[in-house]
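See structure below.
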Amino acid sequence: MSDERMAGRAEVAKDARELVELATTEEGVGELLRRGLDWLTRVVPFDLATLFLLKGGRLEAVAARGPLANTRVRQHVLELADFPSLKHALESRRARAFTEEDHAHGDGDPFDGVLDLPAGHSCMVVPLCAGERAYGVLTLDRAECVAYPPPVVDLVEVYGQMLATAIQSAEQRANFERLHRQDHEHAKLLESQLGGDSEGILETSLSQAMRDLAMRARQVAETDTPVLILGETGTGKERLARAIHRWSARADQPFVTINCAAIPAGLLESELFGHVKGAFTGATRDRAGRFQMANGGTLLLDEVGELPVELQAKLLRALQEKAFEPVGSDKTVRADVRILAATHVELQQAIANKRFREDLYYRLSVFPLRLPPLRERREDLPQLCAFLLEEQARRTGRRGMRVTPDGLERLAAYDWPGNLRELANALERATILTKRPELGRESFDLPTRGSAPAPAEVAAPAAGAGEPAPKTGSVATLAAVQREHILRVLGLTRGRVYGPGGAAALLGLKPSTLQSRMKKLGIARLEQFVVDEV
């Protein structure tokens with residue numbers, strides 16, 4: 001094979017690679033077609049190269065190159081039914097060289113009335129087909145009366161197939177981007193419905209402490225600085241995290257959360273960093289972790305104080321270097337993620353007890369924000385009730401519900417150890433049980449501040465203690481007492497059963513024994529219920 005032919009094939013191969021690369025860029029189909037015609041000059045001589053795209057039975061010119069290209073050519077439109085030769089080229093998917101003789105006895109020159117081409121000029125029609133679809137045709141015209149030889153026709157036919165495949169890839173990419181934008185907008189809508197107007201609640205709070213907190217949160221949201229959100233359970237740490245994400249430059253990117261206390265330690269590493277196929281039993285395919293899902297956006301590490309110590313070193317590296325290895329892989333993956341962390345645990349005490357790494361604490365707590373408990377912002381109760389009732393209306397179907405002044409007085413008389421979560425539960429319970437739209441004092445079954453527990457919650461006194469025996473109906477059964485106590489302990493541990501500080505350890509039971517007892521008492525798993533803490 002001659003050096004010239006080898007060089008020609010290398011040039012065509014280079015063109016093919018460039019076409020594929022261009023099809024994966026954001027420049028679109030128009031730029032792809034223009035560049036395709038420019039590259040065609042290296043393959044075959046022509047005075048006019050015109051690209052027509054098929055649109056509803058018409059061939060519309062979209063690009064033209066060569067000395068004869070002008071505005072009229074670029075605006076030229078052909079009715080496919082008027083040119084059987086072009087239709088045949090699309091159906092057969094074969095390129096064909098035409099001469100003036102073919103035009104004289106066929107369906108005529110496609111550029112009649114647009115160009116004054118000399119009699120006997122040669123032209124070529126190349127179909128642009130990929131998969132099951134015909135995209136259009138490429139026409140090449142020469143003013144000379146020299147016909148295109150068969151080897152050149154075959155070469156341009158291959159080039160046309162490459163160009164059609166590149167067009168197909170570019171259109172598929174455009175469709176994928178359109179679907180991605182639609183999914184993204186849908187996800188944002190769902191997120192707004194899930195999180196509600198948390199930003200407005202924060203910034204219009206009647207509590208000076210909350211307004212100051214919202215101002216600091218807005219300031220840090222403009223940066224990529226890690227934020228550690230502290231506060232008692234149920235104070236709205238995730239709502240604040242969502243607000244920070246929405247205020248940030250990453251608002252259009254994913255917001256991903258992971259509850260470090262709700263996932264068993266053995267699976268948490270895979271949830272955070274992903275895994276590859278075969279990494280462990282049951283890993284039948286590669287799976288992205290939360291870091292990869294949040295790439296470009298924000299990752300909330302909820303209940304980070306419950307993160308197992310053995311995972312804290314890997315998390316620290318991921319935060320410092322923005323790189324990690326999925327479980328079972330030795331390849332480093334990079335992810336651009338803004339980290340928010342939240343916990344109700346006193347991390348300084350956890351550090352002293354060797355349950356939390358000090359270096360990880362300082363990496364996360366660059367900008368700490370502490371949410372005040374509800375009992376320190378009672379002035380916000382009217383606004384919070386209206387917000388929560390509107391949010392719950394989507395789920396309960398009870399719209400137009402409101403809390404009356406005496407109902408608000410009853411709510412203000414309670415200390416809310418479960419904070420916003422407990423308030424939301426109380427409102428939803430009252431909404432379900434109350435037939436009218438007004439929630440008054442009698443709608444809320446809550447103890448007043450400083451009052452003694454209800455008789456059913458007090459253990460029966462020991463025999464002979466000098467106290468009168470309570471009525472039988474007010475004494476809870478042993479099973480009910482056990483169930484209530486287990487629920488309270490699960491509330492304290494945020495549903496965590498295993499490990500140090502878990503419910504089993506606090507109750508002095510084996511985890512398997514506790515799970516068996518929970519099943520017997522009809523207690524659902526942690527992920528399926530919310531416990532009001534008292």
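Quick note on naming: the chains in the structure tokens go A, B, ... in the order shown, residues restart at 1 in each chain, and ligands are numbered from 1 in order of appearance.
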Any idea what's packed within 12 Å of Gly231 in chain A, counting only C-alpha atoms, ignoring anything in its chain fewer than 5 positions away? Could you give it as an mmCIF file with N, CA, C and O atoms, in the first residue's frame?
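The resulting out.cif:
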data_model
loop_
_atom_site.group_PDB
_atom_site.id
_atom_site.type_symbol
_atom_site.label_atom_id
_atom_site.label_comp_id
_atom_site.auth_asym_id
_atom_site.auth_seq_id
_atom_site.Cartn_x
_atom_site.Cartn_y
_atom_site.Cartn_z
ATOM 1 N N GLY A 236 -34.903 21.383 63.588
ATOM 2 C CA GLY A 236 -34.975 21.807 62.192
ATOM 3 C C GLY A 236 -33.627 21.953 61.529
ATOM 4 O O GLY A 236 -33.437 22.812 60.664
ATOM 5 N N LYS A 237 -32.694 21.071 61.891
ATOM 6 C CA LYS A 237 -31.338 21.184 61.339
ATOM 7 C C LYS A 237 -31.325 20.906 59.836
ATOM 8 O O LYS A 237 -30.622 21.570 59.077
ATOM 9 N N GLU A 238 -32.111 19.910 59.388
ATOM 10 C CA GLU A 238 -32.146 19.629 57.952
ATOM 11 C C GLU A 238 -32.812 20.768 57.180
ATOM 12 O O GLU A 238 -32.406 21.095 56.074
ATOM 13 N N LEU A 240 -32.661 23.918 57.925
ATOM 14 C CA LEU A 240 -31.648 24.965 57.822
ATOM 15 C C LEU A 240 -30.621 24.599 56.752
ATOM 16 O O LEU A 240 -30.177 25.455 55.971
ATOM 17 N N ASP A 302 -26.169 14.076 58.116
ATOM 18 C CA ASP A 302 -27.034 14.214 59.276
ATOM 19 C C ASP A 302 -26.610 13.229 60.360
ATOM 20 O O ASP A 302 -26.197 12.110 60.072
ATOM 21 N N GLU A 303 -26.722 13.654 61.620
ATOM 22 C CA GLU A 303 -26.293 12.851 62.764
ATOM 23 C C GLU A 303 -24.855 12.372 62.596
ATOM 24 O O GLU A 303 -24.524 11.203 62.799
ATOM 25 N N ALA A 341 -22.870 19.450 57.901
ATOM 26 C CA ALA A 341 -23.009 18.375 58.883
ATOM 27 C C ALA A 341 -23.950 18.836 59.975
ATOM 28 O O ALA A 341 -24.007 20.029 60.305
ATOM 29 N N ALA A 342 -24.702 17.897 60.534
ATOM 30 C CA ALA A 342 -25.661 18.225 61.585
ATOM 31 C C ALA A 342 -25.619 17.147 62.661
ATOM 32 O O ALA A 342 -25.415 15.968 62.360
ATOM 33 N N THR A 343 -25.797 17.566 63.898
ATOM 34 C CA THR A 343 -25.815 16.602 64.996
ATOM 35 C C THR A 343 -26.438 17.219 66.238
ATOM 36 O O THR A 343 -26.380 18.445 66.425
ATOM 37 N N HIS A 344 -27.048 16.368 67.068
ATOM 38 C CA HIS A 344 -27.525 16.825 68.378
ATOM 39 C C HIS A 344 -26.553 16.382 69.473
ATOM 40 O O HIS A 344 -26.731 16.715 70.645
ATOM 41 N N VAL A 345 -25.510 15.645 69.071
ATOM 42 C CA VAL A 345 -24.515 15.144 70.025
ATOM 43 C C VAL A 345 -23.535 16.265 70.373
ATOM 44 O O VAL A 345 -23.152 17.066 69.516
ATOM 45 N N GLU A 346 -23.138 16.346 71.630
ATOM 46 C CA GLU A 346 -22.080 17.280 72.037
ATOM 47 C C GLU A 346 -20.743 16.683 71.595
ATOM 48 O O GLU A 346 -20.209 15.775 72.218
ATOM 49 N N LEU A 347 -20.234 17.180 70.475
ATOM 50 C CA LEU A 347 -19.049 16.561 69.888
ATOM 51 C C LEU A 347 -17.806 16.713 70.754
ATOM 52 O O LEU A 347 -16.913 15.858 70.718
ATOM 53 N N PRO A 368 -19.701 26.964 62.707
ATOM 54 C CA PRO A 368 -20.805 26.316 63.424
ATOM 55 C C PRO A 368 -22.029 27.224 63.536
ATOM 56 O O PRO A 368 -21.908 28.434 63.698
ATOM 57 N N LEU A 369 -23.195 26.623 63.431
ATOM 58 C CA LEU A 369 -24.469 27.322 63.635
ATOM 59 C C LEU A 369 -25.279 26.503 64.629
ATOM 60 O O LEU A 369 -25.475 25.310 64.423
ATOM 61 N N ARG A 370 -25.744 27.145 65.697
ATOM 62 C CA ARG A 370 -26.507 26.420 66.713
ATOM 63 C C ARG A 370 -27.960 26.891 66.682
ATOM 64 O O ARG A 370 -28.249 28.072 66.884
ATOM 65 N N LEU A 371 -28.866 25.953 66.442
ATOM 66 C CA LEU A 371 -30.291 26.269 66.414
ATOM 67 C C LEU A 371 -30.851 26.277 67.834
ATOM 68 O O LEU A 371 -30.643 25.317 68.581
ATOM 69 N N PRO A 372 -31.555 27.341 68.210
ATOM 70 C CA PRO A 372 -32.133 27.371 69.561
ATOM 71 C C PRO A 372 -33.320 26.416 69.648
ATOM 72 O O PRO A 372 -34.028 26.192 68.658
ATOM 73 N N PRO A 373 -33.574 25.834 70.824
ATOM 74 C CA PRO A 373 -34.750 24.961 70.981
ATOM 75 C C PRO A 373 -36.036 25.782 70.920
ATOM 76 O O PRO A 373 -36.035 27.000 71.100
ATOM 77 N N LEU A 374 -37.142 25.109 70.684
ATOM 78 C CA LEU A 374 -38.426 25.788 70.528
ATOM 79 C C LEU A 374 -38.828 26.528 71.799
ATOM 80 O O LEU A 374 -39.465 27.585 71.736
ATOM 81 N N PRO A 417 -39.804 19.354 74.484
ATOM 82 C CA PRO A 417 -38.478 18.723 74.440
ATOM 83 C C PRO A 417 -38.153 18.136 73.071
ATOM 84 O O PRO A 417 -36.984 17.989 72.723
ATOM 85 N N GLY A 418 -39.187 17.794 72.286
ATOM 86 C CA GLY A 418 -38.961 17.287 70.931
ATOM 87 C C GLY A 418 -38.941 18.372 69.882
ATOM 88 O O GLY A 418 -38.824 18.087 68.687
ATOM 89 N N ASN A 419 -39.114 19.640 70.304
ATOM 90 C CA ASN A 419 -38.984 20.808 69.437
ATOM 91 C C ASN A 419 -39.944 20.773 68.246
ATOM 92 O O ASN A 419 -41.086 20.349 68.402
ATOM 93 N N LEU A 420 -39.482 21.186 67.062
ATOM 94 C CA LEU A 420 -40.371 21.320 65.908
ATOM 95 C C LEU A 420 -40.981 19.989 65.505
ATOM 96 O O LEU A 420 -42.129 19.927 65.069
#
ask   = Which residues come within 12 Å of Arg72 in chain A, counting only C-alpha atoms, excluding same-chain residues fewer than 6 positions away, as a list in words?
value =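 Once the nearby chain positions are removed, what remains is Thr50, Glu60, Ala61, Val62, Ala63, Ala64, Phe111, Asp112, Gly113, Val114 and Leu115 of chain A.
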Requested write-out: all heavy atoms of the selected residues, as a PDB file, in the first residue's frame:
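Ended up saving to selection_3.pdb:
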ATOM      1  N   THR A  50     -23.544  20.998   0.004  1.00  0.00           N
ATOM      2  CA  THR A  50     -24.745  21.468   0.701  1.00  0.00           C
ATOM      3  C   THR A  50     -25.313  20.343   1.556  1.00  0.00           C
ATOM      4  O   THR A  50     -25.445  19.207   1.099  1.00  0.00           O
ATOM      5  CB  THR A  50     -25.821  21.928  -0.301  1.00  0.00           C
ATOM      6  OG1 THR A  50     -25.242  22.788  -1.272  1.00  0.00           O
ATOM      7  CG2 THR A  50     -26.949  22.656   0.422  1.00  0.00           C
ATOM      8  N   GLU A  60     -34.405  20.644   3.754  1.00  0.00           N
ATOM      9  CA  GLU A  60     -34.084  22.051   3.999  1.00  0.00           C
ATOM     10  C   GLU A  60     -32.580  22.206   4.144  1.00  0.00           C
ATOM     11  O   GLU A  60     -31.949  21.519   4.954  1.00  0.00           O
ATOM     12  CB  GLU A  60     -34.788  22.535   5.263  1.00  0.00           C
ATOM     13  CG  GLU A  60     -36.307  22.457   5.179  1.00  0.00           C
ATOM     14  CD  GLU A  60     -36.982  22.944   6.454  1.00  0.00           C
ATOM     15  OE1 GLU A  60     -36.261  23.444   7.352  1.00  0.00           O
ATOM     16  OE2 GLU A  60     -38.214  22.846   6.546  1.00  0.00           O
ATOM     17  N   ALA A  61     -31.997  23.111   3.352  1.00  0.00           N
ATOM     18  CA  ALA A  61     -30.563  23.369   3.419  1.00  0.00           C
ATOM     19  C   ALA A  61     -30.232  24.025   4.764  1.00  0.00           C
ATOM     20  O   ALA A  61     -30.896  24.983   5.180  1.00  0.00           O
ATOM     21  CB  ALA A  61     -30.131  24.269   2.278  1.00  0.00           C
ATOM     22  N   VAL A  62     -29.205  23.511   5.428  1.00  0.00           N
ATOM     23  CA  VAL A  62     -28.810  24.057   6.734  1.00  0.00           C
ATOM     24  C   VAL A  62     -27.368  24.536   6.742  1.00  0.00           C
ATOM     25  O   VAL A  62     -26.972  25.273   7.645  1.00  0.00           O
ATOM     26  CB  VAL A  62     -29.016  23.008   7.854  1.00  0.00           C
ATOM     27  CG1 VAL A  62     -30.494  22.712   8.048  1.00  0.00           C
ATOM     28  CG2 VAL A  62     -28.252  21.727   7.559  1.00  0.00           C
ATOM     29  N   ALA A  63     -26.594  24.111   5.762  1.00  0.00           N
ATOM     30  CA  ALA A  63     -25.194  24.543   5.695  1.00  0.00           C
ATOM     31  C   ALA A  63     -24.692  24.352   4.272  1.00  0.00           C
ATOM     32  O   ALA A  63     -25.143  23.439   3.552  1.00  0.00           O
ATOM     33  CB  ALA A  63     -24.325  23.749   6.681  1.00  0.00           C
ATOM     34  N   ALA A  64     -23.763  25.219   3.846  1.00  0.00           N
ATOM     35  CA  ALA A  64     -23.184  25.123   2.499  1.00  0.00           C
ATOM     36  C   ALA A  64     -21.757  25.635   2.532  1.00  0.00           C
ATOM     37  O   ALA A  64     -21.428  26.553   3.287  1.00  0.00           O
ATOM     38  CB  ALA A  64     -24.013  25.920   1.490  1.00  0.00           C
ATOM     39  N   PHE A 111     -30.760  22.250  -8.026  1.00  0.00           N
ATOM     40  CA  PHE A 111     -30.469  23.683  -7.890  1.00  0.00           C
ATOM     41  C   PHE A 111     -30.942  24.499  -9.093  1.00  0.00           C
ATOM     42  O   PHE A 111     -30.529  25.657  -9.253  1.00  0.00           O
ATOM     43  CB  PHE A 111     -28.963  23.898  -7.662  1.00  0.00           C
ATOM     44  CG  PHE A 111     -28.498  23.433  -6.316  1.00  0.00           C
ATOM     45  CD1 PHE A 111     -27.840  22.227  -6.175  1.00  0.00           C
ATOM     46  CD2 PHE A 111     -28.740  24.198  -5.184  1.00  0.00           C
ATOM     47  CE1 PHE A 111     -27.414  21.801  -4.924  1.00  0.00           C
ATOM     48  CE2 PHE A 111     -28.311  23.770  -3.938  1.00  0.00           C
ATOM     49  CZ  PHE A 111     -27.653  22.565  -3.807  1.00  0.00           C
ATOM     50  N   ASP A 112     -31.800  23.927  -9.929  1.00  0.00           N
ATOM     51  CA  ASP A 112     -32.373  24.694 -11.036  1.00  0.00           C
ATOM     52  C   ASP A 112     -33.117  25.910 -10.487  1.00  0.00           C
ATOM     53  O   ASP A 112     -33.926  25.801  -9.554  1.00  0.00           O
ATOM     54  CB  ASP A 112     -33.343  23.831 -11.854  1.00  0.00           C
ATOM     55  CG  ASP A 112     -32.607  22.882 -12.796  1.00  0.00           C
ATOM     56  OD1 ASP A 112     -31.405  23.099 -13.027  1.00  0.00           O
ATOM     57  OD2 ASP A 112     -33.237  21.908 -13.281  1.00  0.00           O
ATOM     58  N   GLY A 113     -32.831  27.061 -11.069  1.00  0.00           N
ATOM     59  CA  GLY A 113     -33.453  28.295 -10.617  1.00  0.00           C
ATOM     60  C   GLY A 113     -32.729  28.956  -9.472  1.00  0.00           C
ATOM     61  O   GLY A 113     -33.064  30.079  -9.093  1.00  0.00           O
ATOM     62  N   VAL A 114     -31.746  28.274  -8.899  1.00  0.00           N
ATOM     63  CA  VAL A 114     -30.965  28.846  -7.799  1.00  0.00           C
ATOM     64  C   VAL A 114     -29.542  29.130  -8.239  1.00  0.00           C
ATOM     65  O   VAL A 114     -28.962  30.177  -7.940  1.00  0.00           O
ATOM     66  CB  VAL A 114     -30.962  27.888  -6.584  1.00  0.00           C
ATOM     67  CG1 VAL A 114     -30.098  28.442  -5.462  1.00  0.00           C
ATOM     68  CG2 VAL A 114     -32.380  27.646  -6.092  1.00  0.00           C
ATOM     69  N   LEU A 115     -28.959  28.178  -9.002  1.00  0.00           N
ATOM     70  CA  LEU A 115     -27.605  28.331  -9.522  1.00  0.00           C
ATOM     71  C   LEU A 115     -27.621  28.100 -11.036  1.00  0.00           C
ATOM     72  O   LEU A 115     -28.432  27.310 -11.553  1.00  0.00           O
ATOM     73  CB  LEU A 115     -26.654  27.321  -8.869  1.00  0.00           C
ATOM     74  CG  LEU A 115     -26.336  27.513  -7.386  1.00  0.00           C
ATOM     75  CD1 LEU A 115     -25.483  26.352  -6.885  1.00  0.00           C
ATOM     76  CD2 LEU A 115     -25.618  28.844  -7.136  1.00  0.00           C
TER      77      LEU A 115
END
query = Between A:Arg178, A:Val327, A:Ser248, A:Val304, which has the minimum distance to Gly274 in chain A (counting only C-alpha atoms)?
reply =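 Distance minimum relative to Gly274 in chain A lands on A:Val327.
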task = Extract the full set of alpha helix (DSSP H) residues from range 266-319 of chain A according to DSSP on the backbone, and format it as an MDAnalysis selection string.
result = chainID A and resid 266:273 290:293 309:319
request  = Could you find all residues in range 27-73 of chain A that DSSP calls strand (DSSP E) from the backbone, and write them as number ranges by chain?
outcome  = A: 48-55, 58-65
Output file for the selection above: N, CA, C and O atoms, as a PDB file, in the first residue's frame:
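Listing of out.pdb after writing:
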ATOM      1  N   LEU A  48     -19.410  23.193  -4.637  1.00  0.00           N
ATOM      2  CA  LEU A  48     -20.520  23.454  -3.716  1.00  0.00           C
ATOM      3  C   LEU A  48     -20.851  22.168  -2.967  1.00  0.00           C
ATOM      4  O   LEU A  48     -21.100  21.127  -3.573  1.00  0.00           O
ATOM      5  N   ALA A  49     -20.817  22.266  -1.633  1.00  0.00           N
ATOM      6  CA  ALA A  49     -21.257  21.152  -0.771  1.00  0.00           C
ATOM      7  C   ALA A  49     -22.404  21.677   0.075  1.00  0.00           C
ATOM      8  O   ALA A  49     -22.262  22.694   0.761  1.00  0.00           O
ATOM      9  N   THR A  50     -23.544  20.998   0.004  1.00  0.00           N
ATOM     10  CA  THR A  50     -24.745  21.468   0.701  1.00  0.00           C
ATOM     11  C   THR A  50     -25.313  20.343   1.556  1.00  0.00           C
ATOM     12  O   THR A  50     -25.445  19.207   1.099  1.00  0.00           O
ATOM     13  N   LEU A  51     -25.636  20.681   2.787  1.00  0.00           N
ATOM     14  CA  LEU A  51     -26.248  19.735   3.707  1.00  0.00           C
ATOM     15  C   LEU A  51     -27.736  20.046   3.817  1.00  0.00           C
ATOM     16  O   LEU A  51     -28.132  21.176   4.152  1.00  0.00           O
ATOM     17  N   PHE A  52     -28.557  19.046   3.506  1.00  0.00           N
ATOM     18  CA  PHE A  52     -29.999  19.159   3.637  1.00  0.00           C
ATOM     19  C   PHE A  52     -30.457  18.235   4.762  1.00  0.00           C
ATOM     20  O   PHE A  52     -30.055  17.065   4.809  1.00  0.00           O
ATOM     21  N   LEU A  53     -31.309  18.738   5.661  1.00  0.00           N
ATOM     22  CA  LEU A  53     -31.918  17.904   6.684  1.00  0.00           C
ATOM     23  C   LEU A  53     -33.377  17.644   6.330  1.00  0.00           C
ATOM     24  O   LEU A  53     -34.073  18.542   5.837  1.00  0.00           O
ATOM     25  N   LEU A  54     -33.799  16.412   6.560  1.00  0.00           N
ATOM     26  CA  LEU A  54     -35.154  15.988   6.216  1.00  0.00           C
ATOM     27  C   LEU A  54     -36.116  16.388   7.337  1.00  0.00           C
ATOM     28  O   LEU A  54     -35.962  15.980   8.478  1.00  0.00           O
ATOM     29  N   LYS A  55     -37.108  17.202   6.951  1.00  0.00           N
ATOM     30  CA  LYS A  55     -38.091  17.672   7.929  1.00  0.00           C
ATOM     31  C   LYS A  55     -39.485  17.579   7.317  1.00  0.00           C
ATOM     32  O   LYS A  55     -39.854  18.419   6.484  1.00  0.00           O
ATOM     33  N   ARG A  58     -39.708  17.353   3.454  1.00  0.00           N
ATOM     34  CA  ARG A  58     -38.965  18.407   2.761  1.00  0.00           C
ATOM     35  C   ARG A  58     -37.499  18.327   3.142  1.00  0.00           C
ATOM     36  O   ARG A  58     -37.152  17.971   4.280  1.00  0.00           O
ATOM     37  N   LEU A  59     -36.642  18.663   2.202  1.00  0.00           N
ATOM     38  CA  LEU A  59     -35.202  18.751   2.454  1.00  0.00           C
ATOM     39  C   LEU A  59     -34.847  20.232   2.569  1.00  0.00           C
ATOM     40  O   LEU A  59     -34.976  20.988   1.607  1.00  0.00           O
ATOM     41  N   GLU A  60     -34.405  20.644   3.754  1.00  0.00           N
ATOM     42  CA  GLU A  60     -34.084  22.051   3.999  1.00  0.00           C
ATOM     43  C   GLU A  60     -32.580  22.206   4.144  1.00  0.00           C
ATOM     44  O   GLU A  60     -31.949  21.519   4.954  1.00  0.00           O
ATOM     45  N   ALA A  61     -31.997  23.111   3.352  1.00  0.00           N
ATOM     46  CA  ALA A  61     -30.563  23.369   3.419  1.00  0.00           C
ATOM     47  C   ALA A  61     -30.232  24.025   4.764  1.00  0.00           C
ATOM     48  O   ALA A  61     -30.896  24.983   5.180  1.00  0.00           O
ATOM     49  N   VAL A  62     -29.205  23.511   5.428  1.00  0.00           N
ATOM     50  CA  VAL A  62     -28.810  24.057   6.734  1.00  0.00           C
ATOM     51  C   VAL A  62     -27.368  24.536   6.742  1.00  0.00           C
ATOM     52  O   VAL A  62     -26.972  25.273   7.645  1.00  0.00           O
ATOM     53  N   ALA A  63     -26.594  24.111   5.762  1.00  0.00           N
ATOM     54  CA  ALA A  63     -25.194  24.543   5.695  1.00  0.00           C
ATOM     55  C   ALA A  63     -24.692  24.352   4.272  1.00  0.00           C
ATOM     56  O   ALA A  63     -25.143  23.439   3.552  1.00  0.00           O
ATOM     57  N   ALA A  64     -23.763  25.219   3.846  1.00  0.00           N
ATOM     58  CA  ALA A  64     -23.184  25.123   2.499  1.00  0.00           C
ATOM     59  C   ALA A  64     -21.757  25.635   2.532  1.00  0.00           C
ATOM     60  O   ALA A  64     -21.428  26.553   3.287  1.00  0.00           O
ATOM     61  N   ARG A  65     -20.910  25.030   1.708  1.00  0.00           N
ATOM     62  CA  ARG A  65     -19.509  25.423   1.600  1.00  0.00           C
ATOM     63  C   ARG A  65     -19.119  25.406   0.128  1.00  0.00           C
ATOM     64  O   ARG A  65     -19.700  24.675  -0.680  1.00  0.00           O
TER      65      ARG A  65
END
